[in-house]
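**Student:** Supplied structure: protein05.cif, mmCIF, C-alpha atoms.
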```cif
data_my_file
loop_
_atom_site.label_atom_id
_atom_site.label_comp_id
_atom_site.auth_asym_id
_atom_site.auth_seq_id
_atom_site.Cartn_x
_atom_site.Cartn_y
_atom_site.Cartn_z
CA MET A 627 277.03 89.56 47.85
CA THR A 628 278.77 90.68 44.66
CA TYR A 629 277.12 90.26 41.27
CA GLN A 630 279.47 90.50 38.27
CA THR A 631 278.44 91.75 34.83
CA VAL A 632 281.18 91.34 32.24
CA ALA A 633 281.12 93.08 28.85
CA LEU A 634 282.68 91.11 25.99
CA GLY A 635 283.53 93.25 23.01
CA GLU A 636 282.89 96.98 22.89
CA PRO A 637 279.68 97.92 24.74
CA PHE A 638 277.29 100.65 23.68
CA PHE A 639 274.89 102.60 25.94
CA GLU A 640 277.37 101.64 28.69
CA LYS A 641 277.16 104.89 30.68
CA GLU A 642 273.36 104.85 30.52
CA LEU A 643 273.24 101.26 31.77
CA VAL A 644 275.62 101.94 34.68
CA GLU A 645 273.57 105.02 35.60
CA ALA A 646 270.33 103.01 35.49
CA CYS A 647 271.85 100.43 37.89
CA LYS A 648 273.38 102.93 40.32
CA LEU A 649 270.91 102.03 43.10
CA TYR A 650 272.41 98.51 43.13
CA PRO A 651 276.03 98.86 44.34
CA GLU A 652 276.30 95.08 44.61
CA ILE A 653 276.31 94.89 40.79
CA THR A 654 279.80 95.41 39.40
CA PHE A 655 280.52 96.13 35.74
CA LYS A 656 283.70 94.59 34.36
CA SER A 657 285.47 94.43 31.02
CA GLU A 658 286.88 91.27 29.47
CA GLU A 659 290.36 92.14 30.82
CA ASP A 660 289.18 92.17 34.46
CA VAL A 661 289.48 89.18 36.75
CA VAL A 662 286.21 87.33 37.40
CA ASP A 663 285.72 85.91 40.90
CA LYS A 664 284.38 82.37 40.50
CA ASN A 665 282.91 82.47 44.00
CA TYR A 666 280.23 84.97 42.93
CA PRO A 667 277.56 84.93 40.22
CA VAL A 668 278.47 86.31 36.80
CA LEU A 669 276.61 87.34 33.65
CA TYR A 670 278.44 87.92 30.37
CA LEU A 671 277.08 90.49 27.92
CA TYR A 672 278.34 89.81 24.39
CA TYR A 673 278.54 92.94 22.21
CA GLY A 674 279.60 93.36 18.61
CA LYS A 675 281.38 96.64 17.79
CA THR A 676 279.84 97.38 14.40
CA PRO A 677 277.61 95.49 11.94
CA GLY A 678 279.63 92.66 10.51
CA SER A 679 282.32 92.61 13.19
CA SER A 680 282.94 91.50 16.75
CA THR A 681 285.71 92.78 18.98
CA TYR A 682 285.92 89.87 21.44
CA ARG A 683 288.97 87.71 20.82
CA GLY A 684 289.35 86.02 24.20
CA ASP A 685 289.51 82.35 25.09
CA LEU A 686 286.15 81.97 26.86
CA ASP A 687 284.05 79.04 25.64
CA LEU A 688 280.96 80.98 24.52
CA ALA A 689 278.99 77.82 23.74
CA ALA A 690 279.63 76.52 27.26
CA LEU A 691 278.47 79.82 28.73
CA ALA A 692 275.34 79.53 26.61
CA ARG A 693 274.64 76.03 27.97
CA GLN A 694 275.13 77.40 31.50
CA LYS A 695 272.76 80.30 30.70
CA LYS A 696 275.40 82.85 31.68
CA ILE A 697 275.66 84.90 28.49
CA LEU A 698 273.37 87.35 26.68
CA PRO A 699 274.09 88.35 23.05
CA ILE A 700 273.39 92.04 22.40
CA ALA A 701 272.96 93.77 19.05
CA PRO A 702 271.75 97.24 18.05
CA SER A 703 268.94 95.78 15.92
CA ALA A 704 267.51 92.54 14.60
CA PRO A 705 268.81 92.90 11.00
CA VAL A 706 272.46 92.96 12.10
CA PHE A 707 272.16 90.27 14.81
CA ASN A 708 273.55 87.46 12.63
CA GLN A 709 276.44 89.69 11.50
CA ASN A 710 277.41 90.72 15.04
CA ILE A 711 276.90 87.48 16.94
CA PRO A 712 279.08 84.36 16.42
CA LYS A 713 277.53 81.03 15.46
CA SER A 714 278.36 79.49 18.84
CA ILE A 715 275.74 81.65 20.59
CA ARG A 716 273.55 82.68 17.65
CA ASN A 717 270.89 80.18 18.71
CA LEU A 718 270.19 82.32 21.81
CA ASN A 719 267.38 84.82 21.75
CA GLY A 720 269.22 88.13 21.42
CA PHE A 721 268.67 91.46 23.12
CA PHE A 722 268.30 94.59 20.97
CA LEU A 723 269.80 97.64 22.63
CA ASN A 724 268.95 100.83 20.75
CA ASP A 725 267.11 103.38 22.92
CA GLU A 726 266.15 104.49 26.44
CA ARG A 727 263.45 101.84 26.82
CA ALA A 728 265.94 99.12 25.87
CA VAL A 729 268.45 100.39 28.47
CA TYR A 730 265.84 100.02 31.22
CA ALA A 731 264.81 96.64 29.85
CA LEU A 732 268.46 95.45 29.91
CA LYS A 733 268.84 96.77 33.45
CA ASN A 734 265.75 94.78 34.48
CA TYR A 735 267.09 91.68 32.72
CA ILE A 736 270.35 91.94 34.69
CA LEU A 737 268.48 92.45 37.97
CA ALA A 738 266.21 89.48 37.23
CA PHE A 739 269.21 87.30 36.31
CA PHE A 740 270.73 87.93 39.73
CA GLY A 741 267.40 87.56 41.53
CA LEU A 742 267.14 91.25 42.39
CA VAL A 743 263.78 91.81 40.72
CA ASN A 744 260.75 89.69 40.06
CA THR A 745 260.89 87.34 37.10
CA ASN A 746 257.17 86.82 36.51
CA ARG A 747 256.68 90.27 34.85
CA LYS A 748 253.02 90.49 35.82
CA VAL A 749 251.14 93.76 35.34
CA PHE A 750 247.52 94.14 36.46
CA ILE A 751 245.33 96.45 34.35
CA SER A 752 242.50 98.04 36.35
CA TYR A 753 239.86 99.81 34.22
CA ARG A 754 236.17 100.38 33.52
CA ARG A 755 234.87 98.77 30.36
CA VAL A 756 232.31 101.51 29.93
CA ASP A 757 235.14 104.07 29.69
CA SER A 758 238.36 102.48 28.48
CA GLU A 759 237.92 98.95 27.12
CA GLU A 760 239.70 99.61 23.80
CA LEU A 761 242.73 101.22 25.45
CA ALA A 762 242.95 98.38 27.97
CA HIS A 763 243.12 95.92 25.06
CA GLN A 764 245.74 98.07 23.31
CA LEU A 765 247.84 98.11 26.47
CA PHE A 766 247.42 94.35 26.93
CA ASP A 767 248.70 93.71 23.39
CA ALA A 768 251.64 96.13 23.78
CA LEU A 769 252.74 94.59 27.09
CA THR A 770 252.47 91.07 25.66
CA LYS A 771 254.78 92.05 22.78
CA LEU A 772 257.25 93.38 25.37
CA LYS A 773 257.21 89.94 27.07
CA TYR A 774 255.22 91.07 30.11
CA HIS A 775 252.36 88.99 31.49
CA PRO A 776 249.51 91.48 31.69
CA PHE A 777 246.33 90.60 33.55
CA LEU A 778 243.11 91.80 31.96
CA ASP A 779 239.87 90.33 33.27
CA SER A 780 238.29 89.80 29.83
CA TYR A 781 241.34 87.81 28.63
CA SER A 782 242.87 86.32 31.75
CA ILE A 783 240.06 84.68 33.76
CA GLN A 784 238.61 81.42 32.47
CA PRO A 785 234.83 80.90 32.44
CA GLY A 786 233.32 79.01 35.36
CA VAL A 787 235.78 80.07 38.09
CA ASP A 788 235.28 82.24 41.16
CA PHE A 789 235.82 85.66 39.60
CA GLN A 790 236.63 87.56 42.81
CA GLU A 791 238.96 84.85 44.16
CA TYR A 792 240.99 84.90 40.94
CA LEU A 793 240.96 88.69 40.83
CA ARG A 794 242.33 89.01 44.37
CA HIS A 795 244.94 86.31 43.80
CA GLU A 796 246.19 88.00 40.63
CA LEU A 797 246.40 91.34 42.43
CA ASN A 798 248.59 89.82 45.13
CA ASP A 799 250.69 88.09 42.46
CA THR A 800 251.41 91.23 40.44
CA GLU A 801 254.36 93.59 40.61
CA LEU A 802 252.56 96.69 39.47
CA ILE A 803 249.00 97.88 38.87
CA VAL A 804 248.10 100.20 36.00
CA VAL A 805 244.95 102.17 36.84
CA LEU A 806 243.19 103.75 33.87
CA ASN A 807 241.52 106.52 35.86
CA THR A 808 238.41 107.64 34.01
CA GLU A 809 235.13 109.35 34.80
CA HIS A 810 233.29 106.24 36.02
CA PHE A 811 236.25 104.36 37.52
CA ASP A 812 234.97 104.43 41.12
CA GLU A 813 231.41 103.39 40.22
CA SER A 814 232.39 99.72 40.14
CA GLU A 815 232.83 97.62 43.28
CA TYR A 816 235.56 95.66 41.49
CA THR A 817 237.76 98.65 40.61
CA LYS A 818 237.35 100.15 44.08
CA GLU A 819 238.36 96.85 45.66
CA GLU A 820 241.37 96.57 43.34
CA VAL A 821 242.73 99.92 44.56
CA ASN A 822 241.93 99.04 48.18
CA ILE A 823 243.80 95.72 47.95
CA ALA A 824 246.73 97.48 46.27
CA ASN A 825 246.90 99.89 49.20
CA GLU A 826 246.54 97.06 51.72
CA LEU A 827 249.30 94.94 50.15
CA ARG A 828 251.42 97.98 49.26
CA ILE A 829 251.43 97.18 45.56
CA PRO A 830 252.78 100.11 43.52
CA ILE A 831 250.32 101.86 41.20
CA LEU A 832 250.82 103.63 37.90
CA GLU A 833 247.84 105.98 37.62
CA VAL A 834 246.98 107.05 34.06
CA LYS A 835 244.57 109.99 34.23
CA PHE A 836 242.08 111.06 31.59
CA ASP A 837 239.64 113.98 31.37
CA PRO A 838 237.47 113.71 33.36
CA CYS A 839 238.68 111.35 36.10
CA VAL A 840 238.03 110.66 39.79
CA LYS A 841 240.02 111.69 42.86
CA MET A 842 241.89 108.66 44.12
CA ASP A 843 243.52 107.87 47.47
CA ILE A 844 246.71 105.94 46.75
CA PHE A 845 248.92 105.09 49.71
CA ALA A 846 251.51 102.84 48.08
CA LEU A 847 254.36 103.87 45.82
CA SER A 848 252.77 105.55 42.82
CA GLN A 849 253.47 107.44 39.65
CA VAL A 850 251.04 109.52 37.62
CA ILE A 851 250.70 110.06 33.89
CA ASP A 852 248.23 112.85 33.11
CA THR A 853 247.27 112.41 29.47
CA HIS A 854 244.88 115.40 29.33
CA GLU A 855 242.94 113.26 26.87
CA THR A 856 239.25 112.42 26.71
CA ILE A 857 238.40 108.75 26.40
CA SER A 858 235.57 106.40 25.49
CA ASP A 859 235.13 102.65 25.53
CA ASN A 860 235.96 102.29 21.80
CA LYS A 861 238.51 105.09 21.35
CA HIS A 862 241.74 103.83 19.78
CA PHE A 863 244.81 105.77 20.92
CA GLU A 864 247.92 106.54 18.93
CA ASP A 865 251.11 104.64 19.76
CA LYS A 866 252.60 107.59 21.68
CA ILE A 867 250.13 107.24 24.59
CA VAL A 868 250.61 103.46 24.83
CA ASN A 869 254.41 103.80 24.55
CA ASN A 870 254.48 106.39 27.37
CA ILE A 871 252.60 103.97 29.62
CA THR A 872 254.83 100.98 28.83
CA LEU A 873 258.00 103.06 29.28
CA ALA A 874 256.77 104.20 32.71
CA ILE A 875 256.14 100.53 33.61
CA GLU A 876 259.69 99.61 32.58
CA GLN A 877 261.10 102.49 34.62
CA MET A 878 259.02 101.63 37.70
CA ARG A 879 259.64 97.91 37.65
CA ALA A 880 262.83 97.70 39.74
CA GLN A 881 261.62 100.34 42.21
CA SER A 882 258.30 98.52 42.54
CA TYR A 883 260.10 95.27 43.33
CA LEU A 884 262.22 96.92 46.04
CA PHE A 885 259.11 98.51 47.53
CA LYS A 886 257.21 95.21 47.80
CA ARG A 887 260.32 93.32 48.88
CA LYS A 888 260.95 95.76 51.75
CA ASP A 889 257.41 95.15 53.01
CA ILE A 890 257.99 91.36 52.95
CA ILE A 891 261.27 91.70 54.87
CA THR A 892 259.73 94.05 57.46
CA SER A 893 256.88 91.59 58.07
CA LEU A 894 259.32 88.66 58.34
CA ASN A 895 261.51 90.48 60.85
CA LYS A 896 258.48 91.41 62.97
CA GLN A 897 257.32 87.82 62.98
CA PHE A 898 260.66 86.44 64.21
CA SER A 899 261.81 89.32 66.43
CA THR A 900 259.98 87.90 69.47
CA SER A 901 262.16 84.79 69.38
CA GLY A 902 265.34 86.87 69.04
CA MET A 903 266.06 85.64 65.52
CA VAL A 904 268.15 88.14 63.54
CA PHE A 905 268.65 88.11 59.77
CA GLN A 906 271.53 89.53 57.82
CA GLU A 907 270.76 90.90 54.36
CA ALA A 908 273.08 89.63 51.66
CA GLY A 909 272.23 90.64 48.13
CA GLY A 910 268.77 89.40 47.27
CA PHE A 911 268.26 87.15 50.31
CA LEU A 912 268.32 87.02 54.13
CA ARG A 913 270.58 84.69 56.08
CA SER A 914 270.85 83.52 59.66
CA ASP A 915 274.24 81.98 60.39
CA VAL A 916 273.06 80.89 63.85
CA THR A 917 270.22 78.71 62.57
CA ARG A 918 271.90 78.21 59.16
CA GLU A 919 268.83 79.29 57.26
CA ILE A 920 268.35 81.35 54.10
CA TYR A 921 265.13 83.20 53.30
CA CYS A 922 264.58 84.48 49.76
CA PRO A 923 261.84 87.15 49.66
CA LEU A 924 259.43 86.77 46.75
CA THR A 925 257.11 89.57 45.75
CA HIS A 926 254.74 87.12 44.05
CA ILE A 927 253.13 83.78 44.84
CA PRO A 928 255.82 81.05 44.52
CA GLN A 929 255.84 78.62 41.62
CA SER A 930 257.82 75.40 41.36
CA THR A 931 260.23 77.18 39.00
CA ASP A 932 260.99 79.73 41.75
CA LEU A 933 261.92 76.90 44.11
CA PHE A 934 264.10 75.28 41.46
CA ARG A 935 265.92 78.54 40.64
CA THR A 936 266.54 79.19 44.33
CA GLU A 937 268.10 75.76 44.79
CA GLU A 938 270.14 76.07 41.59
CA PHE A 939 271.38 79.54 42.55
CA PHE A 940 272.62 78.53 46.00
CA GLU A 941 274.10 75.27 44.76
CA SER A 942 276.59 77.45 42.85
CA ILE A 943 277.71 79.17 46.08
CA PRO A 944 279.67 76.67 48.23
CA LEU A 945 279.20 78.65 51.47
CA PHE A 946 275.43 78.03 51.51
CA LYS A 947 275.21 74.41 50.40
CA THR A 948 274.40 73.24 53.94
CA TYR A 949 271.88 75.98 54.75
CA THR A 950 268.13 75.35 54.88
CA LYS A 951 266.53 77.36 52.09
CA LYS A 952 263.06 78.91 52.08
CA VAL A 953 261.23 81.36 49.85
CA VAL A 954 259.07 83.79 51.81
CA TYR A 955 256.03 85.57 50.38
CA ASN A 956 252.78 87.33 51.27
CA GLY A 957 250.04 84.72 51.07
CA SER A 958 247.12 87.13 51.46
CA TYR A 959 244.37 86.30 48.94
CA CYS A 960 246.34 83.33 47.60
CA ARG A 961 243.96 80.85 45.98
CA ASP A 962 243.25 77.71 48.03
CA ASP A 963 244.32 75.37 45.22
CA ILE A 964 247.69 77.14 44.98
CA LYS A 965 248.18 76.87 48.75
CA ARG A 966 247.52 73.13 48.59
CA HIS A 967 249.97 72.81 45.70
CA LEU A 968 252.71 74.61 47.64
CA LYS A 969 252.17 72.39 50.68
CA TRP A 970 252.46 69.36 48.42
CA LEU A 971 255.73 70.67 46.94
CA ASP A 972 257.11 71.20 50.46
CA GLN A 973 256.96 67.41 50.98
CA TYR A 974 259.31 66.71 48.10
CA LEU A 975 261.55 69.69 47.35
CA PRO A 976 264.65 70.87 49.25
CA VAL A 977 263.50 74.52 49.06
CA LYS A 978 260.38 75.24 51.14
CA SER A 979 257.81 78.03 50.83
CA PHE A 980 256.88 80.20 53.81
CA SER A 981 254.00 82.68 53.95
CA ILE A 982 254.33 85.63 56.33
CA ASN A 983 250.58 85.30 56.92
CA ASP A 984 250.69 81.73 58.31
#
```
Could you show the structure in this file as structure tokens?
**Tutor:**
Amino acid sequence: MTYQTVALGEPFFEKELVEACKLYPEITFKSEEDVVDKNYPVLYLYYGKTPGSSTYRGDLDLAALARQKKILPIAPSAPVFNQNIPKSIRNLNGFFLNDERAVYALKNYILAFFGLVNTNRKVFISYRRVDSEELAHQLFDALTKLKYHPFLDSYSIQPGVDFQEYLRHELNDTELIVVLNTEHFDESEYTKEEVNIANELRIPILEVKFDPCVKMDIFALSQVIDTHETISDNKHFEDKIVNNITLAIEQMRAQSYLFKRKDIITSLNKQFSTSGMVFQEAGGFLRSDVTREIYCPLTHIPQSTDLFRTEEFFESIPLFKTYTKKVVYNGSYCRDDIKRHLKWLDQYLPVKSFSIND
């Protein structure tokens, strides 16, 4: 599968973006003079050259591309957005490309657009209130501003529900776990279980260490930030610490997705190998031309929007219009009400959900 990214105008941070996407050879970067293959997905990136000007003078219908959700307006900052971006696409929420973090964020946007990374942007924050409650709240607020969906027990679980069931479900549904490793981290049954489930489900972990902290056995993909800082439950940290954590999350996101996705594919292949069924990887999905089936690996619990996007994506590719389409996921610790909902959706929707645990 080929995924086409076309720059309209004069791009900036172009080399950095291409370098950030180098692990994805299926993504091709084109200029406005290059030929676009209509048989493959395409995303247009609209750049303005300088404040107050735009270099694109082609004949593409930008408003139509906006209606088709195939174009992203890019500006160096919010103040110059209206000067750089034409009225026909100015109603779109723009992307501000101005530093290293923004390059990684744009890379992740492109990958998500083509279905090559998760779109739910969930991050699970594991911490001890007695040690790091204030920092956990700081991190929650920072991630929310960056359009992530952080999970923090004090904010994210409604009263009157089964606490452990929701906790385990959210762990399985997340892309990445941030562990605030402090002196008393392993004295809670909840935090120990969170790390154990992460290891079991091979969920990547970003370990943020403070002085003192505990020795931790992490078996999944992990990265460590050693702050060399002391911490207390009410200590408010400067922006630099929080920014370092959120930048590491942005950098790990695509790698984390690939790590979880590989585990889903391995489990799927094992399950079907006994019947001689062989899948061919093509971009972000698996296909069997013998049985005319497509499996789309999800690294989170499916939602109805995932099923809709899958159907919409393959409807645009004529070759696969007659294939049976399924999203495949790890249903371990999935809440019972969500399982019932997915079974109900299977009765009515053309795209089905399939758990590797069933």
**Student:** Which one of A:Pro637, A:Val840, A:Asp859, A:Val868 sits closest to Asp767 in chain A if you count only C-alpha atoms?
**Tutor:**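 Closest to Asp767 in chain A, using only C-alpha atoms: A:Val868.
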**Student:** Pick out the residues sitting within 10 Å of Phe885 in chain A, and hand them over as number ranges by chain; count all atoms listed in the file, and ignore anything fewer than 6 positions along from it in its own chain.
**Tutor:** A: 801, 828-830, 846-847, 879, 925
**Student:** So that I have them on file, write out the residues from the current selection with C-alpha atoms, as a PDB file, in the coordinates of the input.
**Tutor:**
```pdb
ATOM      1  CA  GLU A 801     254.360  93.590  40.610  1.00  0.00           C
ATOM      2  CA  ARG A 828     251.420  97.980  49.260  1.00  0.00           C
ATOM      3  CA  ILE A 829     251.430  97.180  45.560  1.00  0.00           C
ATOM      4  CA  PRO A 830     252.780 100.110  43.520  1.00  0.00           C
ATOM      5  CA  ALA A 846     251.510 102.840  48.080  1.00  0.00           C
ATOM      6  CA  LEU A 847     254.360 103.870  45.820  1.00  0.00           C
ATOM      7  CA  ARG A 879     259.640  97.910  37.650  1.00  0.00           C
ATOM      8  CA  THR A 925     257.110  89.570  45.750  1.00  0.00           C
TER       9      THR A 925
END
```
**Student:** List the residues selected by the PyMOL selection byres ((chain A and resi 639) around 10) in the file shown, writing them as a PyMOL selection string.
**Tutor:** chain A and resi 637-638+640-644+723-726+728-729
**Student:** For Lys886 in chain A, which residue among A:Leu975, A:Ile867, A:Val743, A:Val916 is the nearest when counting only C-alpha atoms?
**Tutor:**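 Among the listed residues, the smallest separation from Lys886 in chain A belongs to A:Val743.
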**Student:** Of the residues A:Val661, A:Leu765, A:Ile653, A:Leu742, which is the one nearest to Gln881 in chain A, using only C-alpha atoms?
**Tutor:**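 With only C-alpha atoms as the atom set, the closest residue is A:Leu742.
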**Student:** What residues come out when you apply the PyMOL selection byres ((chain A and resi 961) around 10) to this file, written as a list in words?
**Tutor:**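 Selected by the PyMOL selection byres ((chain A and resi 961) around 10) here: Glu791, Tyr792, Leu793, Arg794, His795, Glu796, Ile927, Gly957, Ser958, Tyr959, Cys960, Asp962, Asp963, Ile964, Lys965 and Arg966 of chain A.
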**Student:** In Å, how far is it from CA of His810 in chain A to CA of Asn822 in chain A?
**Tutor:**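 Distance between the two atoms: 16.6 Å.
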**Student:** With all atoms listed in the file as the counted atoms, please give the residues lying no more than 8 Å from Ile697 in chain A, apart from itself and same-chain residues fewer than 2 positions off, as a CSV table (one decimal) with C-alpha atoms, in the coordinates of the input.
**Tutor:**
```
chain,number,residue,atom,x,y,z
A,669,LEU,CA,276.6,87.3,33.6
A,670,TYR,CA,278.4,87.9,30.4
A,671,LEU,CA,277.1,90.5,27.9
A,672,TYR,CA,278.3,89.8,24.4
A,688,LEU,CA,281.0,81.0,24.5
A,691,LEU,CA,278.5,79.8,28.7
A,692,ALA,CA,275.3,79.5,26.6
A,695,LYS,CA,272.8,80.3,30.7
A,699,PRO,CA,274.1,88.4,23.0
```
**Student:** Measure the distance from CA of Ile943 in chain A to CA of Phe740 in chain A in Å and round it to one decimal.
**Tutor:**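 We find that CA of Ile943 in chain A and CA of Phe740 in chain A lie 12.9 Å from each other.
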**Student:** Give the answer as one residue: which of A:Ala880, A:Cys839, A:Val706, A:Leu832 has the shortest atom-to-atom distance to Glu813 in chain A, using all atoms listed in the file?
**Tutor:** A:Cys839
**Student:** Out of A:Gln849, A:Asn869, A:Asn825, A:Gln764, which residue has the shortest atom-to-atom distance to Val804 in chain A when counting only C-alpha atoms?
**Tutor:**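 Checking each candidate against Val804 in chain A, we get A:Gln849 as the closest.
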**Student:** Taking only C-alpha atoms into account, which of A:Leu806, A:Leu827, A:Ile871, A:Ile890 comes nearest Met842 in chain A?
**Tutor:**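 Using only C-alpha atoms, Met842 in chain A sits closest to A:Leu806.
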**Student:** Residue by residue, what does the PyMOL selection byres ((chain A and resi 657) around 9) grab here? Present the result as a list in words.
**Tutor:**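 This file gives the following for the PyMOL selection byres ((chain A and resi 657) around 9): Thr631, Val632, Ala633, Leu634, Gly635, Glu636, Phe655, Lys656, Glu658, Glu659, Asp660 and Val661 of chain A.
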**Student:** Keeping only C-alpha atoms, write those residues as a PDB file, keeping the file's coordinate frame.
**Tutor:**
```pdb
ATOM      1  CA  THR A 631     278.440  91.750  34.830  1.00  0.00           C
ATOM      2  CA  VAL A 632     281.180  91.340  32.240  1.00  0.00           C
ATOM      3  CA  ALA A 633     281.120  93.080  28.850  1.00  0.00           C
ATOM      4  CA  LEU A 634     282.680  91.110  25.990  1.00  0.00           C
ATOM      5  CA  GLY A 635     283.530  93.250  23.010  1.00  0.00           C
ATOM      6  CA  GLU A 636     282.890  96.980  22.890  1.00  0.00           C
ATOM      7  CA  PHE A 655     280.520  96.130  35.740  1.00  0.00           C
ATOM      8  CA  LYS A 656     283.700  94.590  34.360  1.00  0.00           C
ATOM      9  CA  GLU A 658     286.880  91.270  29.470  1.00  0.00           C
ATOM     10  CA  GLU A 659     290.360  92.140  30.820  1.00  0.00           C
ATOM     11  CA  ASP A 660     289.180  92.170  34.460  1.00  0.00           C
ATOM     12  CA  VAL A 661     289.480  89.180  36.750  1.00  0.00           C
TER      13      VAL A 661
END
```
**Student:** Would you compute the distance between CA of Glu937 in chain A and CA of Tyr735 in chain A? Give it in Å to one decimal.
**Tutor:**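 CA of Tyr735 in chain A lies at a distance of 20.0 Å from CA of Glu937 in chain A.
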**Student:** Near His763 in chain A, counting all atoms listed in the file, which residues have an atom at most 12 Å away, once you skip same-chain residues fewer than 3 positions from it, shown as a PyMOL selection string?
**Tutor:** chain A and resi 751-755+758-760+766-770+776-782+806+859-863+868
**Student:** Please provide the set of residues having any atom within 12 Å of Ser893 in chain A, restricted to only C-alpha atoms, with same-chain residues fewer than 2 positions apart removed, written as a PyMOL selection string.
**Tutor:** chain A and resi 827+886-891+895-899+923+954-957+981-984
**Student:** If we count only C-alpha atoms, what is near Val668 in chain A at a cut-off of 7 Å, once residues fewer than 3 positions away on the same chain are taken out, given as a PyMOL selection string?
**Tutor:** chain A and resi 629-631+696
**Student:** My structure is short of atoms at range 708-722 of chain A; please model N, CA and C atoms there, returning them as a compact mmCIF listing (two decimals), keeping the file's coordinate frame.
**Tutor:**
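Final output, out_9.txt:
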```
# COMPACT_ATOMS: atom_id res chain seq x y z
N ASN A 708 272.75 88.57 13.15
CA ASN A 708 273.55 87.46 12.63
C ASN A 708 274.95 87.90 12.22
N GLN A 709 275.11 89.18 11.87
CA GLN A 709 276.44 89.69 11.50
C GLN A 709 277.30 89.93 12.74
N ASN A 710 276.67 90.36 13.83
CA ASN A 710 277.41 90.72 15.04
C ASN A 710 277.71 89.54 15.95
N ILE A 711 276.84 88.55 15.94
CA ILE A 711 276.90 87.48 16.94
C ILE A 711 277.47 86.20 16.33
N PRO A 712 278.46 85.58 16.96
CA PRO A 712 279.08 84.36 16.42
C PRO A 712 278.12 83.17 16.44
N LYS A 713 278.40 82.19 15.60
CA LYS A 713 277.53 81.03 15.46
C LYS A 713 277.36 80.27 16.77
N SER A 714 278.40 80.28 17.61
CA SER A 714 278.36 79.49 18.84
C SER A 714 277.27 79.92 19.80
N ILE A 715 276.82 81.20 19.70
CA ILE A 715 275.74 81.65 20.59
C ILE A 715 274.59 82.28 19.79
N ARG A 716 274.58 82.07 18.48
CA ARG A 716 273.55 82.68 17.65
C ARG A 716 272.19 82.03 17.85
N ASN A 717 272.18 80.84 18.44
CA ASN A 717 270.89 80.18 18.71
C ASN A 717 270.15 80.81 19.89
N LEU A 718 270.84 81.66 20.67
CA LEU A 718 270.19 82.32 21.81
C LEU A 718 269.31 83.46 21.33
N ASN A 719 268.24 83.68 22.04
CA ASN A 719 267.38 84.82 21.75
C ASN A 719 268.12 86.09 22.14
N GLY A 720 268.39 86.96 21.17
CA GLY A 720 269.22 88.13 21.42
C GLY A 720 268.46 89.28 22.04
N PHE A 721 269.23 90.24 22.53
CA PHE A 721 268.67 91.46 23.12
C PHE A 721 269.05 92.62 22.21
N PHE A 722 268.06 93.48 21.89
CA PHE A 722 268.30 94.59 20.97
C PHE A 722 268.34 95.89 21.77
```
